[in-house]
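File shown: my_file.txt (compact mmCIF, N, CA and C atoms).
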# COMPACT_ATOMS: atom_id res chain seq x y z
N MET A 1 -5.49 2.03 6.04
CA MET A 1 -5.58 1.76 4.62
C MET A 1 -5.94 0.28 4.45
N ASP A 2 -6.83 -0.01 3.52
CA ASP A 2 -7.27 -1.39 3.36
C ASP A 2 -6.34 -2.17 2.43
N VAL A 3 -6.48 -3.49 2.47
CA VAL A 3 -5.57 -4.38 1.76
C VAL A 3 -5.72 -4.27 0.25
N GLN A 4 -6.94 -4.09 -0.25
CA GLN A 4 -7.12 -4.00 -1.70
C GLN A 4 -6.38 -2.80 -2.27
N THR A 5 -6.40 -1.70 -1.57
CA THR A 5 -5.69 -0.51 -2.03
C THR A 5 -4.19 -0.76 -2.06
N LEU A 6 -3.70 -1.44 -1.03
CA LEU A 6 -2.26 -1.72 -0.96
C LEU A 6 -1.84 -2.73 -2.04
N ARG A 7 -2.67 -3.72 -2.30
CA ARG A 7 -2.32 -4.73 -3.31
C ARG A 7 -2.28 -4.15 -4.72
N ALA A 8 -2.99 -3.07 -4.93
CA ALA A 8 -3.02 -2.44 -6.24
C ALA A 8 -1.73 -1.68 -6.54
N LYS A 9 -0.93 -1.42 -5.52
CA LYS A 9 0.30 -0.64 -5.70
C LYS A 9 1.47 -1.57 -6.04
N ASN A 10 2.46 -0.99 -6.72
CA ASN A 10 3.66 -1.76 -7.03
C ASN A 10 4.62 -1.71 -5.85
N THR A 11 5.74 -2.41 -5.97
CA THR A 11 6.69 -2.54 -4.87
C THR A 11 7.27 -1.20 -4.45
N GLU A 12 7.64 -0.37 -5.42
CA GLU A 12 8.23 0.92 -5.08
C GLU A 12 7.24 1.80 -4.32
N ALA A 13 5.98 1.77 -4.73
CA ALA A 13 4.96 2.56 -4.05
C ALA A 13 4.72 2.04 -2.64
N LEU A 14 4.78 0.72 -2.47
CA LEU A 14 4.61 0.15 -1.13
C LEU A 14 5.75 0.55 -0.21
N VAL A 15 6.97 0.52 -0.73
CA VAL A 15 8.12 0.92 0.08
C VAL A 15 8.01 2.38 0.48
N ARG A 16 7.62 3.22 -0.47
CA ARG A 16 7.45 4.64 -0.20
C ARG A 16 6.35 4.87 0.84
N GLU A 17 5.26 4.15 0.69
CA GLU A 17 4.14 4.25 1.64
C GLU A 17 4.57 3.82 3.04
N MET A 18 5.37 2.75 3.12
CA MET A 18 5.83 2.27 4.41
C MET A 18 6.76 3.29 5.07
N GLU A 19 7.64 3.89 4.30
CA GLU A 19 8.54 4.90 4.85
C GLU A 19 7.76 6.10 5.39
N GLU A 20 6.76 6.54 4.65
CA GLU A 20 5.93 7.65 5.10
C GLU A 20 5.16 7.29 6.37
N ALA A 21 4.67 6.06 6.43
CA ALA A 21 3.92 5.61 7.60
C ALA A 21 4.83 5.53 8.82
N GLN A 22 6.07 5.10 8.64
CA GLN A 22 7.00 5.02 9.76
C GLN A 22 7.36 6.41 10.27
N ILE A 23 7.51 7.36 9.37
CA ILE A 23 7.78 8.74 9.78
C ILE A 23 6.59 9.29 10.55
N ARG A 24 5.39 9.04 10.04
CA ARG A 24 4.16 9.50 10.71
C ARG A 24 4.03 8.86 12.09
N LEU A 25 4.38 7.57 12.20
CA LEU A 25 4.31 6.87 13.48
C LEU A 25 5.28 7.51 14.49
N GLN A 26 6.45 7.85 14.04
CA GLN A 26 7.43 8.50 14.90
C GLN A 26 6.89 9.85 15.40
N GLU A 27 6.27 10.60 14.51
CA GLU A 27 5.68 11.88 14.90
C GLU A 27 4.56 11.68 15.94
N LEU A 28 3.72 10.67 15.71
CA LEU A 28 2.63 10.42 16.64
C LEU A 28 3.15 10.01 18.01
N ARG A 29 4.19 9.19 18.03
CA ARG A 29 4.77 8.79 19.31
C ARG A 29 5.34 9.99 20.06
N PHE A 30 5.94 10.91 19.32
CA PHE A 30 6.45 12.13 19.94
C PHE A 30 5.30 12.93 20.54
N HIS A 31 4.20 13.03 19.82
CA HIS A 31 3.05 13.79 20.32
C HIS A 31 2.42 13.12 21.54
N VAL A 32 2.43 11.79 21.58
CA VAL A 32 1.90 11.10 22.75
C VAL A 32 2.78 11.38 23.96
N SER A 33 4.08 11.35 23.77
CA SER A 33 4.98 11.57 24.90
C SER A 33 4.88 12.99 25.45
N SER A 34 4.51 13.92 24.60
CA SER A 34 4.36 15.30 25.06
C SER A 34 2.89 15.65 25.35
N SER A 35 2.04 14.64 25.40
CA SER A 35 0.61 14.78 25.72
C SER A 35 -0.12 15.73 24.78
N GLN A 36 0.23 15.70 23.51
CA GLN A 36 -0.43 16.54 22.53
C GLN A 36 -1.40 15.77 21.64
N LEU A 37 -1.39 14.44 21.74
CA LEU A 37 -2.22 13.62 20.86
C LEU A 37 -3.48 13.19 21.60
N LYS A 38 -4.62 13.45 20.99
CA LYS A 38 -5.91 13.08 21.59
C LYS A 38 -6.36 11.70 21.15
N ASP A 39 -6.14 11.36 19.88
CA ASP A 39 -6.62 10.10 19.32
C ASP A 39 -5.47 9.09 19.23
N VAL A 40 -5.26 8.32 20.29
CA VAL A 40 -4.17 7.35 20.31
C VAL A 40 -4.48 6.13 19.46
N ARG A 41 -5.72 5.97 19.05
CA ARG A 41 -6.09 4.85 18.18
C ARG A 41 -5.38 4.94 16.83
N GLU A 42 -5.06 6.14 16.43
CA GLU A 42 -4.37 6.34 15.16
C GLU A 42 -3.03 5.60 15.13
N ILE A 43 -2.37 5.50 16.28
CA ILE A 43 -1.10 4.78 16.35
C ILE A 43 -1.32 3.31 16.04
N ARG A 44 -2.35 2.72 16.63
CA ARG A 44 -2.65 1.31 16.40
C ARG A 44 -2.95 1.05 14.93
N GLU A 45 -3.76 1.91 14.34
CA GLU A 45 -4.13 1.74 12.93
C GLU A 45 -2.91 1.88 12.02
N LEU A 46 -2.02 2.80 12.36
CA LEU A 46 -0.83 3.01 11.55
C LEU A 46 0.12 1.82 11.66
N LYS A 47 0.24 1.26 12.85
CA LYS A 47 1.08 0.08 13.03
C LYS A 47 0.54 -1.11 12.23
N ARG A 48 -0.77 -1.23 12.18
CA ARG A 48 -1.38 -2.32 11.40
C ARG A 48 -1.16 -2.11 9.90
N THR A 49 -1.22 -0.87 9.46
CA THR A 49 -0.96 -0.57 8.06
C THR A 49 0.47 -0.93 7.70
N ILE A 50 1.42 -0.59 8.57
CA ILE A 50 2.82 -0.92 8.33
C ILE A 50 2.99 -2.43 8.26
N ALA A 51 2.33 -3.16 9.15
CA ALA A 51 2.41 -4.62 9.14
C ALA A 51 1.82 -5.20 7.85
N ARG A 52 0.72 -4.63 7.38
CA ARG A 52 0.13 -5.09 6.12
C ARG A 52 1.08 -4.87 4.95
N ILE A 53 1.72 -3.71 4.93
CA ILE A 53 2.65 -3.40 3.84
C ILE A 53 3.83 -4.37 3.87
N LYS A 54 4.37 -4.61 5.06
CA LYS A 54 5.50 -5.54 5.17
C LYS A 54 5.10 -6.94 4.72
N THR A 55 3.89 -7.36 5.07
CA THR A 55 3.41 -8.67 4.66
C THR A 55 3.31 -8.76 3.13
N LEU A 56 2.76 -7.73 2.52
CA LEU A 56 2.64 -7.73 1.06
C LEU A 56 4.00 -7.71 0.38
N LEU A 57 4.96 -7.01 0.96
CA LEU A 57 6.31 -6.98 0.38
C LEU A 57 6.96 -8.36 0.45
N VAL A 58 6.77 -9.05 1.57
CA VAL A 58 7.34 -10.40 1.70
C VAL A 58 6.65 -11.36 0.74
N GLN A 59 5.34 -11.26 0.62
CA GLN A 59 4.60 -12.12 -0.30
C GLN A 59 5.03 -11.86 -1.73
N GLY A 60 5.24 -10.62 -2.08
CA GLY A 60 5.70 -10.28 -3.41
C GLY A 60 7.08 -10.83 -3.69
N LYS A 61 7.93 -10.81 -2.69
CA LYS A 61 9.28 -11.34 -2.85
C LYS A 61 9.22 -12.85 -3.05
N LYS A 62 8.35 -13.53 -2.30
CA LYS A 62 8.21 -14.97 -2.46
C LYS A 62 7.67 -15.32 -3.84
N ASP A 63 6.73 -14.51 -4.35
CA ASP A 63 6.17 -14.77 -5.67
C ASP A 63 7.23 -14.62 -6.76
N THR A 64 8.11 -13.63 -6.64
CA THR A 64 9.16 -13.45 -7.65
C THR A 64 10.21 -14.54 -7.52
N ASP A 65 10.45 -15.06 -6.31
CA ASP A 65 11.42 -16.14 -6.14
C ASP A 65 10.91 -17.43 -6.77
N LYS A 66 9.61 -17.67 -6.72
CA LYS A 66 9.03 -18.88 -7.30
C LYS A 66 9.09 -18.87 -8.83
N THR A 67 9.00 -17.69 -9.42
CA THR A 67 8.97 -17.62 -10.87
C THR A 67 10.36 -17.73 -11.48
N THR A 68 11.40 -17.48 -10.71
CA THR A 68 12.76 -17.56 -11.26
C THR A 68 13.41 -18.87 -11.01
Just give me the structure as structure tokens.
Amino acid sequence: MDVQTLRAKNTEALVREMEEAQIRLQELRFHVSSSQLKDVREIRELKRTIARIKTLLVQGKKDTDKTT
């Protein structure tokens, strides 16, 4: 998922998206361990998406701290 799409979402949607991505990552790791996953690149992309979401959440928290 690209950054512009993530920035358009509010905090609750980002948290929900991150939780879903973490569940999906867990499923993919299970499939890798049982040799059922063909496209291991999907794990890397999902980890990067989770990192982007976490970064945006921290940036959003810093922005709200500055305004108060």
List every residue of region 2-27 of chain A that has an atom at most 8 Å from any atom of region 53-60 of chain A, giving for each one its closest atom pair and the distance in Å to one decimal, counting only C-alpha atoms, sorted by chain and then by ascending residue number, as JSON lines.
{"residue": "A:Leu6", "atom": "CA", "partner": "A:Ile53", "partner_atom": "CA", "distance": 7.1}
{"residue": "A:Arg7", "atom": "CA", "partner": "A:Leu56", "partner_atom": "CA", "distance": 7.3}
{"residue": "A:Thr11", "atom": "CA", "partner": "A:Leu57", "partner_atom": "CA", "distance": 6.9}
{"residue": "A:Leu14", "atom": "CA", "partner": "A:Ile53", "partner_atom": "CA", "distance": 6.4}
{"residue": "A:Val15", "atom": "CA", "partner": "A:Ile53", "partner_atom": "CA", "distance": 7.9}
{"residue": "A:Met18", "atom": "CA", "partner": "A:Ile53", "partner_atom": "CA", "distance": 6.5}
Could those residues be written to a file, using N, CA and C atoms, as a PDB file, keeping the file's coordinate frame?
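Here's the written file part-v5.pdb:
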ATOM      1  N   LEU A   6      -3.700  -1.440  -1.030  1.00  0.00           N
ATOM      2  CA  LEU A   6      -2.260  -1.720  -0.960  1.00  0.00           C
ATOM      3  C   LEU A   6      -1.840  -2.730  -2.040  1.00  0.00           C
ATOM      4  N   ARG A   7      -2.670  -3.720  -2.300  1.00  0.00           N
ATOM      5  CA  ARG A   7      -2.320  -4.730  -3.310  1.00  0.00           C
ATOM      6  C   ARG A   7      -2.280  -4.150  -4.720  1.00  0.00           C
ATOM      7  N   THR A  11       5.740  -2.410  -5.970  1.00  0.00           N
ATOM      8  CA  THR A  11       6.690  -2.540  -4.870  1.00  0.00           C
ATOM      9  C   THR A  11       7.270  -1.200  -4.450  1.00  0.00           C
ATOM     10  N   LEU A  14       4.780   0.720  -2.470  1.00  0.00           N
ATOM     11  CA  LEU A  14       4.610   0.150  -1.130  1.00  0.00           C
ATOM     12  C   LEU A  14       5.750   0.550  -0.210  1.00  0.00           C
ATOM     13  N   VAL A  15       6.970   0.520  -0.730  1.00  0.00           N
ATOM     14  CA  VAL A  15       8.120   0.920   0.080  1.00  0.00           C
ATOM     15  C   VAL A  15       8.010   2.380   0.480  1.00  0.00           C
ATOM     16  N   MET A  18       5.370   2.750   3.120  1.00  0.00           N
ATOM     17  CA  MET A  18       5.830   2.270   4.410  1.00  0.00           C
ATOM     18  C   MET A  18       6.760   3.290   5.070  1.00  0.00           C
TER      19      MET A  18
END
Practice task
Write down as a ChimeraX atom specification the residues belonging to region 7-61 of chain A that are assigned helix (DSSP H, G or I) by DSSP computed on the backbone.
Solution key: /A:7,11-33,41-61
Based on the selection just made, write N, CA and C atoms of those residues as a compact mmCIF listing (two decimals), keeping the file's coordinate frame.
# COMPACT_ATOMS: atom_id res chain seq x y z
N ARG A 7 -2.67 -3.72 -2.30
CA ARG A 7 -2.32 -4.73 -3.31
C ARG A 7 -2.28 -4.15 -4.72
N THR A 11 5.74 -2.41 -5.97
CA THR A 11 6.69 -2.54 -4.87
C THR A 11 7.27 -1.20 -4.45
N GLU A 12 7.64 -0.37 -5.42
CA GLU A 12 8.23 0.92 -5.08
C GLU A 12 7.24 1.80 -4.32
N ALA A 13 5.98 1.77 -4.73
CA ALA A 13 4.96 2.56 -4.05
C ALA A 13 4.72 2.04 -2.64
N LEU A 14 4.78 0.72 -2.47
CA LEU A 14 4.61 0.15 -1.13
C LEU A 14 5.75 0.55 -0.21
N VAL A 15 6.97 0.52 -0.73
CA VAL A 15 8.12 0.92 0.08
C VAL A 15 8.01 2.38 0.48
N ARG A 16 7.62 3.22 -0.47
CA ARG A 16 7.45 4.64 -0.20
C ARG A 16 6.35 4.87 0.84
N GLU A 17 5.26 4.15 0.69
CA GLU A 17 4.14 4.25 1.64
C GLU A 17 4.57 3.82 3.04
N MET A 18 5.37 2.75 3.12
CA MET A 18 5.83 2.27 4.41
C MET A 18 6.76 3.29 5.07
N GLU A 19 7.64 3.89 4.30
CA GLU A 19 8.54 4.90 4.85
C GLU A 19 7.76 6.10 5.39
N GLU A 20 6.76 6.54 4.65
CA GLU A 20 5.93 7.65 5.10
C GLU A 20 5.16 7.29 6.37
N ALA A 21 4.67 6.06 6.43
CA ALA A 21 3.92 5.61 7.60
C ALA A 21 4.83 5.53 8.82
N GLN A 22 6.07 5.10 8.64
CA GLN A 22 7.00 5.02 9.76
C GLN A 22 7.36 6.41 10.27
N ILE A 23 7.51 7.36 9.37
CA ILE A 23 7.78 8.74 9.78
C ILE A 23 6.59 9.29 10.55
N ARG A 24 5.39 9.04 10.04
CA ARG A 24 4.16 9.50 10.71
C ARG A 24 4.03 8.86 12.09
N LEU A 25 4.38 7.57 12.20
CA LEU A 25 4.31 6.87 13.48
C LEU A 25 5.28 7.51 14.49
N GLN A 26 6.45 7.85 14.04
CA GLN A 26 7.43 8.50 14.90
C GLN A 26 6.89 9.85 15.40
N GLU A 27 6.27 10.60 14.51
CA GLU A 27 5.68 11.88 14.90
C GLU A 27 4.56 11.68 15.94
N LEU A 28 3.72 10.67 15.71
CA LEU A 28 2.63 10.42 16.64
C LEU A 28 3.15 10.01 18.01
N ARG A 29 4.19 9.19 18.03
CA ARG A 29 4.77 8.79 19.31
C ARG A 29 5.34 9.99 20.06
N PHE A 30 5.94 10.91 19.32
CA PHE A 30 6.45 12.13 19.94
C PHE A 30 5.30 12.93 20.54
N HIS A 31 4.20 13.03 19.82
CA HIS A 31 3.05 13.79 20.32
C HIS A 31 2.42 13.12 21.54
N VAL A 32 2.43 11.79 21.58
CA VAL A 32 1.90 11.10 22.75
C VAL A 32 2.78 11.38 23.96
N SER A 33 4.08 11.35 23.77
CA SER A 33 4.98 11.57 24.90
C SER A 33 4.88 12.99 25.45
N ARG A 41 -5.72 5.97 19.05
CA ARG A 41 -6.09 4.85 18.18
C ARG A 41 -5.38 4.94 16.83
N GLU A 42 -5.06 6.14 16.43
CA GLU A 42 -4.37 6.34 15.16
C GLU A 42 -3.03 5.60 15.13
N ILE A 43 -2.37 5.50 16.28
CA ILE A 43 -1.10 4.78 16.35
C ILE A 43 -1.32 3.31 16.04
N ARG A 44 -2.35 2.72 16.63
CA ARG A 44 -2.65 1.31 16.40
C ARG A 44 -2.95 1.05 14.93
N GLU A 45 -3.76 1.91 14.34
CA GLU A 45 -4.13 1.74 12.93
C GLU A 45 -2.91 1.88 12.02
N LEU A 46 -2.02 2.80 12.36
CA LEU A 46 -0.83 3.01 11.55
C LEU A 46 0.12 1.82 11.66
N LYS A 47 0.24 1.26 12.85
CA LYS A 47 1.08 0.08 13.03
C LYS A 47 0.54 -1.11 12.23
N ARG A 48 -0.77 -1.23 12.18
CA ARG A 48 -1.38 -2.32 11.40
C ARG A 48 -1.16 -2.11 9.90
N THR A 49 -1.22 -0.87 9.46
CA THR A 49 -0.96 -0.57 8.06
C THR A 49 0.47 -0.93 7.70
N ILE A 50 1.42 -0.59 8.57
CA ILE A 50 2.82 -0.92 8.33
C ILE A 50 2.99 -2.43 8.26
N ALA A 51 2.33 -3.16 9.15
CA ALA A 51 2.41 -4.62 9.14
C ALA A 51 1.82 -5.20 7.85
N ARG A 52 0.72 -4.63 7.38
CA ARG A 52 0.13 -5.09 6.12
C ARG A 52 1.08 -4.87 4.95
N ILE A 53 1.72 -3.71 4.93
CA ILE A 53 2.65 -3.40 3.84
C ILE A 53 3.83 -4.37 3.87
N LYS A 54 4.37 -4.61 5.06
CA LYS A 54 5.50 -5.54 5.17
C LYS A 54 5.10 -6.94 4.72
N THR A 55 3.89 -7.36 5.07
CA THR A 55 3.41 -8.67 4.66
C THR A 55 3.31 -8.76 3.13
N LEU A 56 2.76 -7.73 2.52
CA LEU A 56 2.64 -7.73 1.06
C LEU A 56 4.00 -7.71 0.38
N LEU A 57 4.96 -7.01 0.96
CA LEU A 57 6.31 -6.98 0.38
C LEU A 57 6.96 -8.36 0.45
N VAL A 58 6.77 -9.05 1.57
CA VAL A 58 7.34 -10.40 1.70
C VAL A 58 6.65 -11.36 0.74
N GLN A 59 5.34 -11.26 0.62
CA GLN A 59 4.60 -12.12 -0.30
C GLN A 59 5.03 -11.86 -1.73
N GLY A 60 5.24 -10.62 -2.08
CA GLY A 60 5.70 -10.28 -3.41
C GLY A 60 7.08 -10.83 -3.69
N LYS A 61 7.93 -10.81 -2.69
CA LYS A 61 9.28 -11.34 -2.85
C LYS A 61 9.22 -12.85 -3.05
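One finds CA of Met1 (chain A) at 15.5 Å from atom C of Ile23 (chain A).
Counting from atom C of Thr67 (chain A), the distance to atom N of Ala13 (chain A) is 21.1 Å.
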Expressed in Å, the length from atom C of Leu28 (chain A) to CA of Ala51 (chain A) is 17.1 Å
The residue from A:Arg29, A:Ala21, A:Asp65, A:Gln36 with the smallest atom-to-atom distance to Ile50 (chain A), counting all atoms listed in the file, is A:Ala21
Note to self: Given the point (-2.2, 3.2, 17.6) in the file's coordinates, find the residues that have an atom at most 12 Å from it, counting only C-alpha atoms, and give them as a ChimeraX atom specification.
What the structure shows: /A:21,24-26,28-29,32,37-50
